[in-house]
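Below is coords_2.txt, which holds compact mmCIF, C-alpha atoms.
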# COMPACT_ATOMS: atom_id res chain seq x y z
CA MET X 1 0.00 0.00 0.00
CA ARG X 2 1.45 3.34 -1.05
CA LEU X 3 1.86 5.90 1.72
CA SER X 4 0.51 9.41 1.35
CA ARG X 5 2.96 12.29 1.38
CA ALA X 6 1.99 13.17 4.97
CA GLU X 7 2.36 9.56 6.11
CA LEU X 8 5.75 9.27 4.43
CA GLN X 9 6.95 12.48 6.07
CA GLU X 10 5.75 11.29 9.47
CA ARG X 11 7.51 7.95 9.01
CA ASN X 12 10.74 9.66 7.97
CA ARG X 13 10.49 12.05 10.91
CA ALA X 14 10.17 9.11 13.31
CA ARG X 15 13.18 7.43 11.68
CA VAL X 16 15.25 10.61 12.02
CA LEU X 17 14.29 10.98 15.68
CA ALA X 18 15.23 7.38 16.47
CA ALA X 19 18.54 7.71 14.60
CA ALA X 20 19.32 11.03 16.29
CA ARG X 21 18.64 9.58 19.71
CA ALA X 22 21.13 6.78 19.02
CA GLU X 23 23.72 9.23 17.62
CA PHE X 24 23.42 11.64 20.56
CA ALA X 25 23.54 8.79 23.09
CA GLU X 26 26.72 7.37 21.54
CA ARG X 27 28.62 10.53 20.63
CA GLY X 28 27.07 13.35 22.66
CA PHE X 29 25.58 16.47 21.13
CA ARG X 30 28.81 18.20 20.15
CA ASP X 31 30.40 15.21 18.40
CA ALA X 32 27.19 14.01 16.76
CA LYS X 33 26.98 14.57 13.00
CA VAL X 34 23.95 15.16 10.83
CA ASP X 35 25.53 12.88 8.23
CA GLY X 36 25.79 10.17 10.88
CA ILE X 37 22.14 10.62 11.77
CA ALA X 38 21.15 10.41 8.11
CA GLN X 39 23.20 7.24 7.70
CA ARG X 40 21.61 5.62 10.75
CA ALA X 41 18.14 6.55 9.46
CA GLU X 42 19.00 5.31 5.94
CA LEU X 43 17.95 8.69 4.58
CA THR X 44 19.71 11.54 2.83
CA ARG X 45 21.10 14.57 4.65
CA GLY X 46 18.43 16.62 2.85
CA ALA X 47 15.71 14.40 4.29
CA VAL X 48 16.97 15.17 7.79
CA TYR X 49 16.94 18.92 7.14
CA SER X 50 13.49 18.73 5.58
CA ASN X 51 12.18 17.63 8.98
CA PHE X 52 14.42 19.64 11.31
CA PRO X 53 16.17 22.97 10.68
CA GLY X 54 19.40 22.00 12.42
CA LYS X 55 21.22 19.72 14.84
CA ARG X 56 20.18 21.63 17.95
CA ALA X 57 16.54 21.62 16.88
CA LEU X 58 16.82 17.88 16.42
CA TYR X 59 18.42 17.53 19.85
CA PHE X 60 15.58 19.45 21.52
CA ALA X 61 13.06 17.31 19.63
CA VAL X 62 14.75 14.11 20.82
CA LEU X 63 14.60 15.29 24.44
CA ALA X 64 10.96 16.39 24.09
CA ASP X 65 10.10 12.99 22.60
CA LEU X 66 11.87 11.32 25.53
CA VAL X 67 9.76 13.31 28.01
CA GLU X 68 6.50 12.57 26.19
CA ARG X 69 7.23 8.87 25.95
CA ALA X 70 8.02 8.77 29.67
CA SER X 71 4.62 10.20 30.61
CA VAL X 72 2.82 8.03 33.17
CA PRO X 73 -0.76 8.19 34.47
CA PRO X 74 -1.48 10.09 37.70
CA ASN X 75 -0.99 8.25 40.97
CA PRO X 76 -4.45 7.74 42.51
CA GLN X 77 -2.94 7.21 45.99
CA LEU X 78 -1.64 10.75 46.35
CA GLY X 79 -2.43 12.68 49.50
CA THR X 80 -3.17 16.37 49.90
CA ASP X 81 -0.23 17.33 52.11
CA LEU X 82 2.09 19.92 50.53
CA ARG X 83 5.28 18.46 52.00
CA THR X 84 4.41 15.02 50.65
CA ALA X 85 3.49 16.46 47.25
CA LEU X 86 6.78 18.36 46.91
CA GLY X 87 8.69 15.24 47.92
CA ALA X 88 6.81 13.20 45.33
CA LEU X 89 7.51 15.87 42.71
CA ALA X 90 11.24 15.75 43.45
CA ARG X 91 11.19 11.93 43.43
CA ALA X 92 9.51 11.92 40.03
CA TRP X 93 12.08 14.47 38.78
CA VAL X 94 15.20 12.56 39.85
CA THR X 95 13.89 9.44 38.10
CA SER X 96 12.80 11.33 34.98
CA PRO X 97 14.50 12.04 31.62
CA ALA X 98 16.11 15.12 33.24
CA PHE X 99 18.63 12.61 34.64
CA ASP X 100 18.99 10.62 31.42
CA PRO X 101 22.54 10.77 29.95
CA LEU X 102 21.03 12.20 26.76
CA HIS X 103 20.22 15.33 28.77
CA ARG X 104 23.82 16.07 29.76
CA ASP X 105 24.47 18.58 26.96
CA PHE X 106 21.16 20.40 27.35
CA PRO X 107 22.19 23.10 29.87
CA ALA X 108 25.14 24.21 27.75
CA GLU X 109 23.16 24.23 24.52
CA VAL X 110 20.21 26.15 25.88
CA ALA X 111 22.60 28.73 27.36
CA ALA X 112 24.72 29.05 24.22
CA GLU X 113 22.75 31.85 22.55
CA GLU X 114 20.36 34.64 23.48
CA GLY X 115 17.83 33.12 21.07
CA THR X 116 17.45 30.11 23.38
CA ARG X 117 18.36 31.66 26.75
CA ARG X 118 15.47 34.15 26.77
CA PRO X 119 12.77 31.63 25.81
CA PHE X 120 14.16 29.11 28.31
CA THR X 121 14.03 31.71 31.08
CA GLN X 122 10.43 32.53 30.23
CA LEU X 123 9.51 28.85 30.06
CA LEU X 124 10.91 28.41 33.57
CA LYS X 125 8.77 31.36 34.71
CA LEU X 126 5.74 29.62 33.22
CA ASP X 127 6.74 26.39 34.97
CA ALA X 128 7.06 28.28 38.25
CA LEU X 129 3.57 29.71 37.77
CA LEU X 130 2.10 26.26 37.07
CA LEU X 131 3.82 24.68 40.06
CA GLY X 132 3.04 27.71 42.21
CA LEU X 133 -0.68 27.42 41.42
CA ALA X 134 -0.61 23.75 42.44
CA VAL X 135 1.24 24.62 45.66
CA GLU X 136 -1.27 27.37 46.44
CA ARG X 137 -4.11 24.86 46.26
CA LEU X 138 -2.46 22.80 49.00
CA THR X 139 -1.42 25.81 51.08
CA PRO X 140 -3.50 27.05 54.06
CA ALA X 141 -5.10 30.47 53.74
CA GLY X 142 -3.16 33.62 54.54
CA PRO X 143 -2.60 35.06 58.00
CA ARG X 144 -6.18 36.23 58.34
CA SER X 145 -8.60 33.36 58.74
CA GLY X 146 -10.64 32.80 55.64
CA GLY X 147 -8.28 34.79 53.42
CA PRO X 148 -7.15 33.67 49.97
CA PRO X 149 -4.18 31.32 49.57
CA ARG X 150 -0.79 32.97 49.63
CA ARG X 151 1.06 33.42 46.35
CA MET X 152 3.60 30.60 46.20
CA VAL X 153 5.32 31.22 42.88
CA ARG X 154 8.63 32.19 44.49
CA VAL X 155 8.58 28.98 46.52
CA ALA X 156 7.96 27.13 43.26
CA GLU X 157 10.94 28.95 41.71
CA THR X 158 13.09 27.77 44.61
CA VAL X 159 11.94 24.17 44.12
CA LEU X 160 12.72 24.38 40.40
CA THR X 161 16.13 25.88 41.16
CA ALA X 162 16.92 22.85 43.31
CA LEU X 163 15.64 20.36 40.74
CA HIS X 164 17.33 21.91 37.70
CA GLY X 165 20.51 22.36 39.70
CA ALA X 166 20.46 18.69 40.65
CA SER X 167 19.95 17.53 37.07
CA GLY X 168 22.65 19.92 35.82
CA LEU X 169 25.16 18.61 38.35
CA ALA X 170 24.21 15.03 37.53
CA ALA X 171 25.41 15.77 33.99
CA ALA X 172 28.46 17.89 34.86
CA ALA X 173 29.64 16.01 37.97
CA PRO X 174 28.30 12.43 37.92
CA GLY X 175 28.25 10.92 41.39
CA PHE X 176 28.15 14.26 43.20
CA GLY X 177 25.21 14.65 45.55
CA GLU X 178 22.56 12.25 46.72
CA PRO X 179 19.18 12.35 44.92
CA PHE X 180 17.33 11.44 48.12
CA ASP X 181 18.83 14.53 49.78
CA VAL X 182 17.31 16.62 46.98
CA ILE X 183 13.93 15.01 47.72
CA SER X 184 14.25 15.79 51.44
CA ALA X 185 15.30 19.38 50.71
CA CYS X 186 12.27 19.94 48.46
CA GLU X 187 9.96 18.54 51.14
CA ARG X 188 11.27 21.11 53.60
CA LEU X 189 10.60 23.95 51.18
CA ALA X 190 6.89 23.44 51.93
CA GLY X 191 7.35 25.61 55.03
CA LEU X 192 9.29 28.39 53.31
CA ASP X 193 7.71 31.84 53.65
CA LEU X 194 9.08 34.35 51.13
CA SER X 195 6.43 37.06 51.62
CA ASP X 196 5.43 36.59 48.00
CA TRP X 197 3.18 39.06 46.19
CA TRP X 198 2.04 39.88 42.68
CA PRO X 199 1.71 43.47 41.37
CA PRO X 200 -1.21 43.97 38.94
CA PRO X 201 0.02 45.34 35.60
CA GLU X 202 -1.11 48.38 33.71
CA ARG X 203 -3.81 47.42 31.24
CA PRO X 204 -3.98 48.34 27.54
CA PRO X 205 -7.29 49.39 25.96
CA VAL X 206 -9.83 46.61 25.42
CA ARG X 207 -11.71 46.54 22.12
CA VAL X 208 -15.23 45.17 22.43
CA GLY X 209 -16.51 43.15 19.48
CA ASP X 210 -18.48 40.16 18.29
CA ALA X 211 -16.70 37.58 16.15
CA PRO X 212 -17.03 33.82 15.78
CA TRP X 213 -14.73 31.62 17.86
CA ARG X 214 -13.69 28.37 16.17
CA PRO X 215 -10.57 27.13 17.94
CA PRO X 216 -8.70 24.01 16.80
CA THR X 217 -8.11 21.00 19.02
CA ALA X 218 -4.63 20.95 20.54
CA VAL X 219 -2.71 19.21 23.31
CA ASP X 220 -2.86 20.71 26.78
CA LEU X 221 0.67 20.23 28.13
CA VAL X 222 -0.52 20.48 31.73
CA ARG X 223 -2.69 17.37 31.40
CA ALA X 224 -1.03 15.76 28.33
CA ALA X 225 -4.48 15.48 26.76
CA PRO X 226 -6.31 16.93 23.74
CA VAL X 227 -8.36 20.03 24.42
CA THR X 228 -10.61 22.30 22.38
CA PRO X 229 -10.70 25.66 24.19
CA ASP X 230 -14.23 26.52 23.11
CA GLY X 231 -15.68 27.40 26.52
CA ASP X 232 -16.03 30.81 28.11
CA GLY X 233 -12.81 32.40 29.36
CA VAL X 234 -9.60 34.02 28.17
CA VAL X 235 -7.20 32.84 25.50
CA VAL X 236 -3.87 34.61 25.69
CA VAL X 237 -1.42 34.24 22.80
CA LEU X 238 2.12 34.73 24.09
CA GLY X 239 5.43 34.68 22.27
CA LEU X 240 8.14 32.75 24.05
CA ASN X 241 9.76 35.95 25.29
CA ARG X 242 6.47 37.02 26.92
CA LEU X 243 5.40 33.85 28.77
CA ALA X 244 5.72 35.39 32.23
CA ALA X 245 2.65 37.45 31.32
CA ALA X 246 0.53 34.31 31.66
CA GLU X 247 0.15 35.12 35.36
CA GLU X 248 -1.52 38.42 34.49
CA ALA X 249 -4.42 36.50 32.94
CA VAL X 250 -4.49 33.73 35.54
CA ARG X 251 -4.75 36.09 38.52
CA THR X 252 -8.07 37.49 37.28
CA GLY X 253 -9.70 34.24 38.37
CA GLY X 254 -11.38 33.12 35.14
CA PRO X 255 -10.62 30.11 32.90
CA VAL X 256 -7.40 30.71 30.92
CA THR X 257 -5.76 29.02 27.95
CA VAL X 258 -2.17 30.03 27.14
CA ALA X 259 -1.13 29.57 23.51
CA ALA X 260 2.68 29.64 23.36
CA VAL X 261 3.86 30.82 19.93
CA THR X 262 7.25 31.46 18.37
CA GLY X 263 8.82 32.79 15.21
CA GLU X 264 11.20 29.79 15.23
CA PRO X 265 8.87 26.80 15.64
CA GLY X 266 11.30 24.26 14.18
CA GLU X 267 13.77 24.75 17.04
CA LEU X 268 11.81 26.37 19.85
CA ALA X 269 8.50 24.48 19.77
CA PRO X 270 10.29 21.28 20.91
CA LEU X 271 11.87 23.35 23.70
CA VAL X 272 8.36 24.31 24.89
CA ARG X 273 7.22 20.69 24.87
CA LEU X 274 10.39 19.64 26.67
CA VAL X 275 10.45 22.22 29.47
CA VAL X 276 6.72 22.41 30.24
CA GLY X 277 6.22 18.69 29.60
CA GLN X 278 9.03 17.76 31.98
CA LEU X 279 7.58 19.76 34.88
CA CYS X 280 3.96 18.83 34.26
CA GLY X 281 4.76 15.13 33.88
CA CYS X 282 6.26 15.19 37.37
CA LEU X 283 3.46 17.39 38.73
CA ARG X 284 0.82 14.89 37.58
CA GLN X 285 2.63 12.15 39.51
CA ALA X 286 2.91 14.23 42.68
CA PHE X 287 -0.15 16.42 43.17
CA PRO X 288 -3.76 15.24 43.43
CA VAL X 289 -5.94 16.08 40.44
CA GLY X 290 -7.83 18.70 42.44
CA ALA X 291 -4.59 20.64 42.95
CA TRP X 292 -3.52 20.70 39.30
CA PRO X 293 -3.39 24.27 37.94
CA GLY X 294 -6.60 25.21 36.16
CA VAL X 295 -4.80 27.00 33.34
CA ARG X 296 -4.28 25.15 30.05
CA VAL X 297 -1.03 25.49 28.10
CA VAL X 298 -0.85 24.76 24.38
CA CYS X 299 2.29 24.74 22.24
CA ASP X 300 0.75 26.44 19.21
CA GLU X 301 3.50 25.30 16.85
CA ASP X 302 1.65 26.01 13.59
CA GLY X 303 -0.11 29.14 14.89
CA ALA X 304 -3.58 27.66 14.35
CA LEU X 305 -4.94 28.75 17.74
CA ALA X 306 -3.35 32.19 17.33
CA ALA X 307 -4.99 32.53 13.91
CA ALA X 308 -8.37 31.63 15.41
CA ALA X 309 -7.79 34.47 17.88
CA GLY X 310 -7.14 36.86 14.99
CA VAL X 311 -3.33 36.78 15.14
CA PRO X 312 -2.23 35.61 11.67
CA ALA X 313 1.48 36.37 12.18
CA VAL X 314 3.32 35.60 15.40
CA SER X 315 6.74 36.25 16.88
CA ASP X 316 8.48 35.65 20.19
CA GLU X 317 7.26 39.09 21.33
CA THR X 318 3.54 38.51 20.60
CA GLU X 319 1.09 39.33 23.39
CA VAL X 320 -2.59 39.28 22.45
CA ALA X 321 -5.61 38.17 24.48
CA VAL X 322 -9.24 37.56 23.61
CA ARG X 323 -12.25 37.03 25.81
CA VAL X 324 -14.65 34.30 24.72
CA ARG X 325 -18.29 34.09 25.76
CA GLY X 326 -20.99 31.91 24.26
CA GLY X 327 -18.82 30.80 21.37
CA ARG X 328 -18.02 34.38 20.34
CA VAL X 329 -14.97 36.62 20.77
CA VAL X 330 -16.42 39.57 22.66
CA ALA X 331 -13.26 41.48 23.63
CA ARG X 332 -9.66 41.78 22.56
CA ALA X 333 -6.48 43.50 23.78
CA GLU X 334 -2.91 43.71 22.53
CA GLY X 335 0.40 44.47 24.19
CA ALA X 336 1.67 44.29 27.76
CA GLY X 337 -1.12 43.47 30.21
CA ALA X 338 -3.51 42.19 27.52
CA GLY X 339 -4.42 39.02 29.41
CA HIS X 340 -5.20 40.93 32.59
CA ALA X 341 -7.22 43.54 30.70
CA VAL X 342 -9.65 41.07 29.14
CA GLY X 343 -9.56 38.72 32.13
CA VAL X 344 -10.89 41.34 34.52
CA GLY X 345 -13.97 41.46 32.33
CA VAL X 346 -14.42 37.69 32.61
CA ARG X 347 -14.26 37.85 36.41
CA ALA X 348 -16.83 40.64 36.46
CA GLU X 349 -19.26 38.71 34.28
CA VAL X 350 -18.94 35.19 35.76

Step by step, read the file and then write its structure as structure tokens.
Amino acid sequence: MRLSRAELQERNRARVLAAARAEFAERGFRDAKVDGIAQRAELTRGAVYSNFPGKRALYFAVLADLVERASVPPNPQLGTDLRTALGALARAWVTSPAFDPLHRDFPAEVAAEEGTRRPFTQLLKLDALLLGLAVERLTPAGPRSGGPPRRMVRVAETVLTALHGASGLAAAAPGFGEPFDVISACERLAGLDLSDWWPPPERPPVRVGDAPWRPPTAVDLVRAAPVTPDGDGVVVVLGLNRLAAAEEAVRTGGPVTVAAVTGEPGELAPLVRLVVGQLCGCLRQAFPVGAWPGVRVVCDEDGALAAAAGVPAVSDETEVAVRVRGGRVVARAEGAGAGHAVGVGVRAEV
């Protein structure tokens, strides 16, 4: 049976990924050769480049594939204690692909250029928000009885600093440190009080309108499941250099979908799947379902969700938000604070 063009491309892509994984595992990223990958895949060099723009893009794709293949179902026996949840998160991390030998060249490669450093920093800020939201759901109310949960994003940043530091040292100094000490340290961070707070941003003008909303189905990286964001709420389209702005939409209290977009999807979309997928895969094994962050995160690699929101051209600096109600786009804002601007309207109307 003759394969369609799309099926052939998908088969070749899978062959390239498998060959690249073997090449990187044997030779490391720096000594790996695209010609060697092509030879292992029994394809031409051109066939490799038709699927991936370069060796680093291929490396990020291999690591993202490793994370996605390692995904496991949630543990139904999880408790609701924050200390236990952070310990379980750290335990899942130290047994995850972050400690796979294939990962050893990742820190150096992501830090090599500004074009990867800035998106990686913003992805970590998004991870800290997601983990912080989960931590907040297991955290007692503030000092005044009956108050809202404390903001715990800075505690989440500290946990991520410990986990990424541990995986980085595992690559740079094998045998240094004890993984179970990392788990114990993360458990103790449950009691850390950093007097965290979040300053509301200035809001750009909101344009009221009435346009159809026909979003595509995509994968929510938080839950590793397909989602069609067609319900009421906010969709915020953020370039990879603007991902920290996701909190501006989330703190308004309404349902939020974050569409992460980039002007370099061939190289940076796998980085999104890798960084967010790594954290969320561990989070799903550690926190009860009721504590998972309510926000949805989509890697909008082809810009389809952005286009549905009226953003036909995207870059790493994009920041646009729309408010959806009753299957219609009823408000829109662009620029810094866009998610907060339209999200305040959602909170007022819910």

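Residues in contact with region 18-29 of chain X at up to 7 Å, not including ones fewer than 2 positions away on its chain and judged by only C-alpha atoms, are X:Ala14, X:Arg15, X:Val16, X:Asp31, X:Ala32, X:Ile37, X:Arg40, X:Ala41, X:Val62, X:Leu102, X:Asp105.
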
Check your understanding: Using only C-alpha atoms, which of the listed residues (X:Ala225, X:Leu138, X:Ile183, X:Ala309) sits closest to Arg332 (chain X)?
Key -> X:Ala309

Point to revise | Minimum-distance residue to Cys282 (chain X), chosen among X:Arg56, X:Arg223, X:Arg83, X:Arg242 (using all atoms listed in the file) | key: X:Arg223

Exercise for review: Would you kindly return, as number ranges by chain, each protein, DNA or RNA residue with an atom no farther than 9 Å from any atom of Ala245 (chain X), considering only C-alpha atoms and excluding same-chain residues fewer than 3 positions away?
Suggested key: X: 126, 238, 242, 248-249, 319, 336-340

Check your understanding: Between X:Leu221, X:Val250, X:Val34, X:Ala341, which has the minimum distance to Val48 (chain X) (counting only C-alpha atoms)?
Key -> X:Val34

**Study point:** Proximity to Ala162 (chain X) - best of X:Ala90, X:Leu78, X:Ala291, X:Leu192, all atoms listed in the file
**Key:**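 Selected residue with least distance to Ala162 (chain X): X:Ala90.
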
Review point. CA of Glu7 (chain X) and CA of Thr228 (chain X), how far apart in Å?
Key: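 CA of Glu7 (chain X) lies 24.4 Å from CA of Thr228 (chain X).
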
Check your understanding: Pick from X:Asp193, X:Asp300, X:Glu247, X:Glu187: nearest to Thr217 (chain X), with only C-alpha atoms counted?
Key ->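 Counting only C-alpha atoms, the residue closest to Thr217 (chain X) is X:Asp300.
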
Check your understanding: Quick one, how far is CA of Ala331 (chain X) from CA of Asp127 (chain X)?
Key ->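 Here the two named atoms are 27.5 Å from each other.
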
Where atoms are absent from region 155-183 of chain X, fill them in so it carries N, CA and C atoms, then output it as a tab-separated table (two decimals), in the frame of the given file.
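As written to disk, result17.tsv reads:
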chain	number	residue	atom	x	y	z
X	155	VAL	N	8.24	30.28	45.97
X	155	VAL	CA	8.58	28.98	46.52
X	155	VAL	C	8.75	27.97	45.39
X	156	ALA	N	7.85	28.02	44.41
X	156	ALA	CA	7.96	27.13	43.26
X	156	ALA	C	9.27	27.37	42.50
X	157	GLU	N	9.67	28.64	42.36
X	157	GLU	CA	10.94	28.95	41.71
X	157	GLU	C	12.11	28.33	42.47
X	158	THR	N	12.03	28.35	43.80
X	158	THR	CA	13.09	27.77	44.61
X	158	THR	C	13.15	26.25	44.43
X	159	VAL	N	11.99	25.62	44.37
X	159	VAL	CA	11.94	24.17	44.12
X	159	VAL	C	12.55	23.86	42.76
X	160	LEU	N	12.18	24.62	41.74
X	160	LEU	CA	12.72	24.38	40.40
X	160	LEU	C	14.21	24.64	40.34
X	161	THR	N	14.69	25.62	41.10
X	161	THR	CA	16.13	25.88	41.16
X	161	THR	C	16.86	24.66	41.69
X	162	ALA	N	16.30	24.05	42.74
X	162	ALA	CA	16.92	22.85	43.31
X	162	ALA	C	16.89	21.69	42.32
X	163	LEU	N	15.77	21.51	41.65
X	163	LEU	CA	15.64	20.36	40.74
X	163	LEU	C	16.52	20.52	39.50
X	164	HIS	N	16.49	21.70	38.88
X	164	HIS	CA	17.33	21.91	37.70
X	164	HIS	C	18.80	21.90	38.08
X	165	GLY	N	19.12	22.42	39.26
X	165	GLY	CA	20.51	22.36	39.70
X	165	GLY	C	20.97	20.93	39.89
X	166	ALA	N	20.10	20.10	40.44
X	166	ALA	CA	20.46	18.69	40.65
X	166	ALA	C	20.68	17.97	39.33
X	167	SER	N	19.79	18.21	38.36
X	167	SER	CA	19.95	17.53	37.07
X	167	SER	C	21.17	18.06	36.32
X	168	GLY	N	21.46	19.37	36.46
X	168	GLY	CA	22.65	19.92	35.82
X	168	GLY	C	23.92	19.34	36.40
X	169	LEU	N	23.98	19.19	37.72
X	169	LEU	CA	25.16	18.61	38.35
X	169	LEU	C	25.29	17.12	38.04
X	170	ALA	N	24.15	16.45	37.88
X	170	ALA	CA	24.21	15.03	37.53
X	170	ALA	C	24.91	14.84	36.19
X	171	ALA	N	24.76	15.84	35.29
X	171	ALA	CA	25.41	15.77	33.99
X	171	ALA	C	26.86	16.22	34.07
X	172	ALA	N	27.12	17.31	34.82
X	172	ALA	CA	28.46	17.89	34.86
X	172	ALA	C	29.39	17.19	35.84
X	173	ALA	N	28.81	16.65	36.92
X	173	ALA	CA	29.64	16.01	37.97
X	173	ALA	C	28.97	14.72	38.42
X	174	PRO	N	28.97	13.69	37.57
X	174	PRO	CA	28.30	12.43	37.92
X	174	PRO	C	28.82	11.89	39.25
X	175	GLY	N	27.88	11.46	40.09
X	175	GLY	CA	28.25	10.92	41.39
X	175	GLY	C	28.26	11.93	42.50
X	176	PHE	N	28.19	13.22	42.16
X	176	PHE	CA	28.15	14.26	43.20
X	176	PHE	C	26.72	14.43	43.69
X	177	GLY	N	26.54	14.42	44.99
X	177	GLY	CA	25.21	14.65	45.55
X	177	GLY	C	24.39	13.38	45.61
X	178	GLU	N	23.44	13.39	46.50
X	178	GLU	CA	22.56	12.25	46.72
X	178	GLU	C	21.13	12.64	46.33
X	179	PRO	N	20.54	11.98	45.34
X	179	PRO	CA	19.18	12.35	44.92
X	179	PRO	C	18.17	12.38	46.07
X	180	PHE	N	18.30	11.45	47.03
X	180	PHE	CA	17.33	11.44	48.12
X	180	PHE	C	17.48	12.67	49.02
X	181	ASP	N	18.66	13.28	49.04
X	181	ASP	CA	18.83	14.53	49.78
X	181	ASP	C	18.08	15.66	49.07
X	182	VAL	N	18.07	15.63	47.75
X	182	VAL	CA	17.31	16.62	46.98
X	182	VAL	C	15.82	16.49	47.30
X	183	ILE	N	15.33	15.25	47.39
X	183	ILE	CA	13.93	15.01	47.72
X	183	ILE	C	13.60	15.57	49.10
